[in-house]
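One structure below.
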Amino acid sequence: MKVTEETVQYVAALAKLTVSEEEKAKVATDLGTILDYIATMEELDTNGVEPMSHVFPIKNVFREDVVVNKNDRDNLLQNAPMKKDGCFVVPKTVE
Amino acid sequence: MKNITTLSALELGKLIKNKEVTVVEAVKAQLEVIRKRDASYHCYLTVMEQEALARAKEVQKQIDAGELDFSPLAGVPMAVKDNMCTKGTNTTCASKILYNFTPPYDATVIEKLNKAGAVIIGKTNMDEFAMGSTTETSHFGETKNPWNTAHVPGGSSGGSASAVAAEEAFYALGSDTGGSIRQPASYCGVTGIKPTYGTVSRYGLIAYASSLDQIGPIGRNISDCAAVLEVISGYDPKDSTSIDKDSYSYTEALVDDVKGMRIGIPKDYLGAGLDAEIRKSILNAAEVFRSKGAIVEEFDLTAVNYAVPAYYVIACAEASSNLSRFDGVKYGYRTENYEGLQQVYKNSRSEGFGAEVKRRMMIGAFVLSSGYYDAFYNKALKVRAIINEGFQKAFEKYDIILGPTAPQTAPGLGESLADPLKMYLSDIYTVSVNLAGLPAVSLPCGLDQKGLPIGLQLIGKHFGEKDIIRAAYSFEQAGSYIRPTLIVSEEGGIA
Amino acid sequence: MKAYETVLGLEVHVELATKTKIFCSCTTQFGGEQNTHCCPVCTGMPGTLPVLNKQVVEYAIAAGLALDCTITQKCRFDRKNYFYPDLPKAYQISQLYFPICRDGGIEIETESGKKTVGIHEIHMEEDAGKLVHDPWGDCTLVDYNRCGVPLIEIVSEPDMRSAEEVIAYLEKLKLILQYLGVSDCKMQEGSLRADINLSVREVGATELGTRTEMKNMNSFKAIARAIEGERKRQIELIEYGKKVIQETRRWDDNKDNSFAMRSKEDAQDYRYFPEPDLPPIEISDEWLEEVKKKQPELRDEKMLRYEKEFDIPAYDAAIITGVKQLAALFEETVALCGKPKEVSNWLMVETMRLLKEQEMEAENISFTPMQLAKLIKLIDEGKINRTVAKEVFEQVFKENVEPEEYVEKHGLGMVNDDGLLRSTIERILSENPQSIADYKSGKTKAMGFLVGQTMKEMKGKADPGKINQMLNELLRTF
């Protein structure tokens, strides 16, 4: 499958990654080879087969509506690269 | 005193229980071996010396008070793959993007091990975010195979397998998404179990592929592994995919008896692509089972060739989503050069992730993107269903399935990364097990001419751990292979 | 100028009134210091996993049933992937492929008549956190308290044609959900948020025009203004031969205008796929029956029942059932004192008056059915007259006083001393011969004057009925 540099740009953008101009060609080739291989799945007839997203037929796993957790702010913020006033900090988001 | 670090975990556990060795002595001895050998093998990313010594004292107190009588592994030093959250200790997934992450909580398996008196001696090296088969994608450098330091230990739990083989830990935890416990166990000549999906809680395991990941033990023999599995399994209300079973007493299966056990070998597993020496070794193993009264025959396993592409689609898709949370905002690495939010995301992630991780995230984004979802992701889920059915059918005829763990023994360092596709293909025997959620063991069954270990894989039906453990135990008792106790290193040697 | 028709559809997000979040056991309490209602799960820490709150599913089913939907008995969650700081996992757990409810409707009534607005689907999902702009640091602060609060999103068909219909739809929706108790639906607090999809087309056209999505309307009035504004804007564009661009616009009520939101920099491909960390949901017929049985009486039913059972006029029944708390107050008070018309009166007249005066919402009434019942009892037993009762009620409403105590404390009890009354009236009559003469000559106003004077002398504590009776009696003697 021919993967163009545009496609590389697109999937990189979806994954919030930058691929430099020099790298783009190689990445396109790599992805193309891998996707070609993956496309061999086409050979297997899957007509009428239900997609299997969960390995076991378990269902209805629930929890009761009871408050258990308490204020854990210090712990939760301890790894923040930037924090202020008990919040995580990011550059200004424009609405 | 005999060098206790050559003992098995259960053997040491007994000595500790009988007060022949104290926990502090055991920990000190282990730390000493690590000091001598880890420079050669680089199994560890973090050695928790202070914590382990402090914990050793605590555990000893509990043992003395009779509080840990129920636990055969109390006081035994062990290692944890660095993708499982250990509260207060660095957990990096061998990635720059988590280089300084200190989890605010313990993974459920860690809580369970702590209750059983385990002493965590360190966090082991791995492929970055568990993506890889050689531990070479680690941001913090490769781990060497103790059998031959010019070779890889396998991956992604390479650090754990290597540590157990090099006697730098009595046992270790690994994680297995497509073979990451079994294949390094095979390359390092040790034993590893990937349990049935849902047996061991994933809460606290930093996710790679949610529907495939499982945590499991790596040890020097099946008895150790079974004992560890008993400790770490169990229903966890914090993990919605965790299954509630009546019994987790795997050590009951440590019985030397395979009479009448029906063992199937998939024909496709022995075809071209499998190293000749390995094929010979596997067929020898089959003979061992036959001689012990098992019924062994070859059969056709459906869709073997489609397991690898289906696996990569599902794993990459889930991984691309699971790893999106690493964005430089809440934890981990944040880039220093950015203007605006988008650059915080793009630069932190591009600078923080390695090439293999980025590649898989892009594949994942692609196979889920509109226009391709049906052809790739949905198709893979259907292939998965077919593979699962194939196994169900096989298990109507057989109790366990036997085959090689890997198509070759440990490759040399630096040989694999240039051709990612070839690397993916070497997962052929292991990935289908994860797709179907089945349990599997890899145990040593010989050495190749280079002196590198060969691994035998036994696959069980869902929740059929006891069958594969029994078969593995019986095989071990037959003793017709070299036990991996010979470790030769430049500096360490054997004390 | 051509005649244009406005086509409107709504996506309404409703915060469910559960005690805990949808996937973790953190509290959903409103307010609270930033990031203190959080845990590793709802802040997206590595290694954490979601566990579904059963109450969320039950509330969603209840809402679906009340909105006439078919319940998707086999449903599941999907991941919606995108990057934004208020989304810690960089994906939202939502439902795309198998939403829990489908194909419902709400009947609305406007000046143009009755119609049914279709509901396309209802799905469960988790709310995101809040972003607060920090002017000092020229950056944005992220608070995850709201992250993980359970939402149901109710997507309507594009069946509405005017702001009036939209408001009617929202009001009815709000009432139904409040009655169910699944949400308090307070727009000002954000527990009900409406996004409007609007397009225009020439009257008679069959194809839909390009639609825009509008967000950030915080009241029904703002919604009405936004609809008017956007309709005008689109018509103008078309009239000038320009094209309407499909985009999301942010309504600014202060400027009475909308602005195109900066389009997200990269493609909006959400890459939905089934959530692997959550097993699917199977709602059995038995479970559905259980939920059906638990469904409380909804507004329309209640209204009709009040008319029949309590014999109160339709208009009154509509007002009283217009707010769940008011209806509860009514029923409970009637249960205590058994006087529906009386209770209705107190709610319709005095309560409404005071609510307006205090600029309060009926939901915030603090007095209890017991207090109102006691007040009514006092009037009934002749212990206070109606004028006094009004005064007491105002205190009950504002300060939650106990009626009997208050009456006692302020000596407001009606004076039932006939002798005193008689002598007082005799005195007044003797002091006002002109009034007597006026009365005798047919000026009925004089009676009013005499009653008023008597009441004044009695410090308002006499029974007006008795005053009238005695006056009449005594006047005959003059």
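Ligands are numbered from 1 in the order shown, residues from 1 within each chain, and chains are lettered A, B, ... in the order they appear in the structure tokens.
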
(Q) Residues near Val304 in chain B, anyone? I mean within 12 Å using only C-alpha atoms, not counting same-chain ones fewer than 6 positions away, as a list in words. (A) Met41 and Leu44 of chain A; Pro266, Lys267, Asp268, Tyr269, Leu270, Gly271, Ala310, Tyr311, Val383, Arg384, Ile386, Ile387, Asn388, Glu389, Gly390, Phe391, Leu425, Asp427, Ile428, Tyr429, Thr430, Val431, Ser432, Val433 and Leu435 of chain B

Q) Given a cut-off of 9 Å, which residues of chain A touch chain B, counting only C-alpha atoms, written out as an MDAnalysis selection string? A) chainID A and resid 7:8 10:19 27 30:31 33:35 37:47 49:56 58 61:63 75:83 88:93

(Q) Should the cut-off be 10 Å, what would the residue list for chain C against chain B look like, counting only C-alpha atoms, as a VMD selection string? (A) chain C and resid 23 to 24 39 to 41 43 to 52 79 to 85 87 to 91 139 to 140 142 265 to 266 269 to 279

What would the file look like if the residues just selected were written as a CSV table (one decimal), in the first residue's frame with C-alpha atoms?
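See selection_4.csv below for the written result:
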chain,number,residue,atom,x,y,z
C,23,PHE,CA,-16.2,5.7,36.2
C,24,CYS,CA,-14.8,6.3,39.7
C,39,CYS,CA,-8.5,10.5,42.0
C,40,PRO,CA,-6.0,8.7,39.7
C,41,VAL,CA,-8.8,7.4,37.5
C,43,THR,CA,-7.3,12.5,36.2
C,44,GLY,CA,-6.0,10.0,33.7
C,45,MET,CA,-3.0,8.7,35.6
C,46,PRO,CA,-1.2,5.9,33.8
C,47,GLY,CA,-2.3,2.4,34.7
C,48,THR,CA,-5.8,3.4,35.9
C,49,LEU,CA,-9.1,1.8,34.7
C,50,PRO,CA,-12.7,2.8,34.6
C,51,VAL,CA,-15.5,1.0,36.6
C,52,LEU,CA,-19.1,1.8,35.6
C,79,ARG,CA,-13.6,5.8,22.9
C,80,LYS,CA,-13.7,9.2,21.3
C,81,ASN,CA,-10.1,10.3,20.7
C,82,TYR,CA,-9.0,13.9,20.7
C,83,PHE,CA,-6.5,16.1,22.5
C,84,TYR,CA,-7.7,19.0,24.7
C,85,PRO,CA,-6.4,19.9,28.2
C,87,LEU,CA,-9.7,15.7,28.7
C,88,PRO,CA,-7.0,14.0,30.8
C,89,LYS,CA,-7.0,10.6,29.0
C,90,ALA,CA,-7.1,12.4,25.6
C,91,TYR,CA,-10.1,10.3,24.9
C,139,CYS,CA,-1.9,30.7,30.8
C,140,THR,CA,-4.8,28.4,31.4
C,142,VAL,CA,-6.9,23.0,34.5
C,265,GLU,CA,-6.0,22.9,14.2
C,266,ASP,CA,-6.0,19.3,13.0
C,269,ASP,CA,-11.2,12.4,13.2
C,270,TYR,CA,-12.3,10.9,16.5
C,271,ARG,CA,-11.2,7.3,15.6
C,272,TYR,CA,-14.1,5.8,17.6
C,273,PHE,CA,-13.5,2.2,18.7
C,274,PRO,CA,-15.1,-0.1,21.3
C,275,GLU,CA,-13.8,0.6,24.8
C,276,PRO,CA,-11.7,-2.5,25.7
C,277,ASP,CA,-11.6,-1.7,29.4
C,278,LEU,CA,-15.4,-1.9,29.9
C,279,PRO,CA,-17.4,-5.0,29.2

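Within 6 Å of chain A, chain C contributes the residues Thr20, Ser25, Cys26, Thr27, Asn35, Thr36, His37, Leu52, Asn53, Lys54, Cys139, Thr140, Leu141, Val142, Asp143, Pro279, Pro280 and Ile281 of chain C, using only C-alpha atoms.
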
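The shortest atom-to-atom distance to Ser423 in chain C, with only C-alpha atoms taken into account, belongs to C:Met458 out of C:Ile436, C:Thr18, C:Met458, C:Ala62.
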
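For the pair CA of Val415 in chain C and CA of Asp463 in chain C, the interatomic distance is 7.5 Å.
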